[in-house]
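Visitor: Shown below is the structure under consideration.
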Amino acid sequence: MFELEPEEDADARWMRVALEAARAAGTERNEVPIGACVVSSAGKLLAVAGNRTRTDCDPTAHAEIIALRAAAREVENYRLTGAVVYSTIEPCAMCAGALVQARVTRLVYGARDERAGAVESVFRICDASSLNHRMELTAGVLETECREVMQAFFRARRARNDEVGTRRAE
């Protein structure tokens, strides 16, 4: 299902799984290409997902939320203690809150989201001292590749919109 490069470290290998889900979300479903996966403390892939907000008509169907739900079903517990979540983009406030509620041990993400990131960029939900759970954070894993997937998607979308606008003007 997923090709893992043996010479890469574990974070890069699992981020590639999340990137594959992100690309599928963008190309197969025309969703914003964000992917996430959840890995157990034993190194087992529990869940992988890409965004499905448009597909499912569900504003909560972010990749991280879908992956957390599937992982919780897999382990039959809403607490994912010991789990690591990999996300291609810095999670939003909703997803960061869900990570805290799930008691995820560690979050690894690719590119920062300067506009809506709720881990380090705009808010600091995942390690806020006022909350009853904090997690270890690792940012910038395959950052360039994660950012390029998003940028390519939005460039293509703008090009399509420009083309539609030009045809309407004619």
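Residue numbering restarts at 1 for every chain of the structure tokens, chains are lettered A, B, ... in their displayed order, and ligands are numbered from 1 as they appear.
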If you run DSSP on the backbone here, which positions in chain A get alpha helix (DSSP H)? Please write them as a ChimeraX atom specification.

Guide: /A:10-29,53-56,63-75,93-101,143-169

Visitor: Which neighbours of A:Arg52 fall inside 9 Å, counting only C-alpha atoms, when residues of the same chain fewer than 5 positions from it are skipped, and could you give them as an MDAnalysis selection string?

Guide: chainID A and resid 25 29 31:32 57:63 66

Visitor: Which residues are near stretch 143-155 of chain A? Cut-off 12 Å, only C-alpha atoms, ignore same chain within fewer than 3 positions. Put them as number ranges by chain.

Guide: A: 11-12, 15-36, 86-90, 108-114, 138-140, 158-162

Visitor: From the set A:Ile125, A:Leu137, A:Leu131, A:Leu142, which residue has the shortest atom-to-atom contact distance to A:Trp14, counting only C-alpha atoms?

Guide: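 Ranking A:Ile125, A:Leu137, A:Leu131, A:Leu142 by distance to A:Trp14, first place goes to A:Leu142.
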
Visitor: Tell me which protein, DNA and RNA residues are within 12 Å of A:Ser41, counting only C-alpha atoms, leaving out same-chain ones fewer than 5 positions away, and put them as a count of residues only.

Guide: 11

Visitor: Mind checking DSSP for chain A and telling me the strand (DSSP E or B) residues as a list of chain:residue names?

Guide: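 Residues meeting the strand (DSSP E or B) criterion: A:Gly35, A:Ala36, A:Cys37, A:Val38, A:Val39, A:Leu45, A:Leu46, A:Ala47, A:Val48, A:Ala49, A:Gly50, A:Val84, A:Val85, A:Tyr86, A:Ser87, A:Thr88, A:Ile89, A:Arg106, A:Leu107, A:Val108, A:Tyr109, A:Gly110, A:Ala111, A:Glu136, A:Leu137, A:Thr138, A:Ala139.
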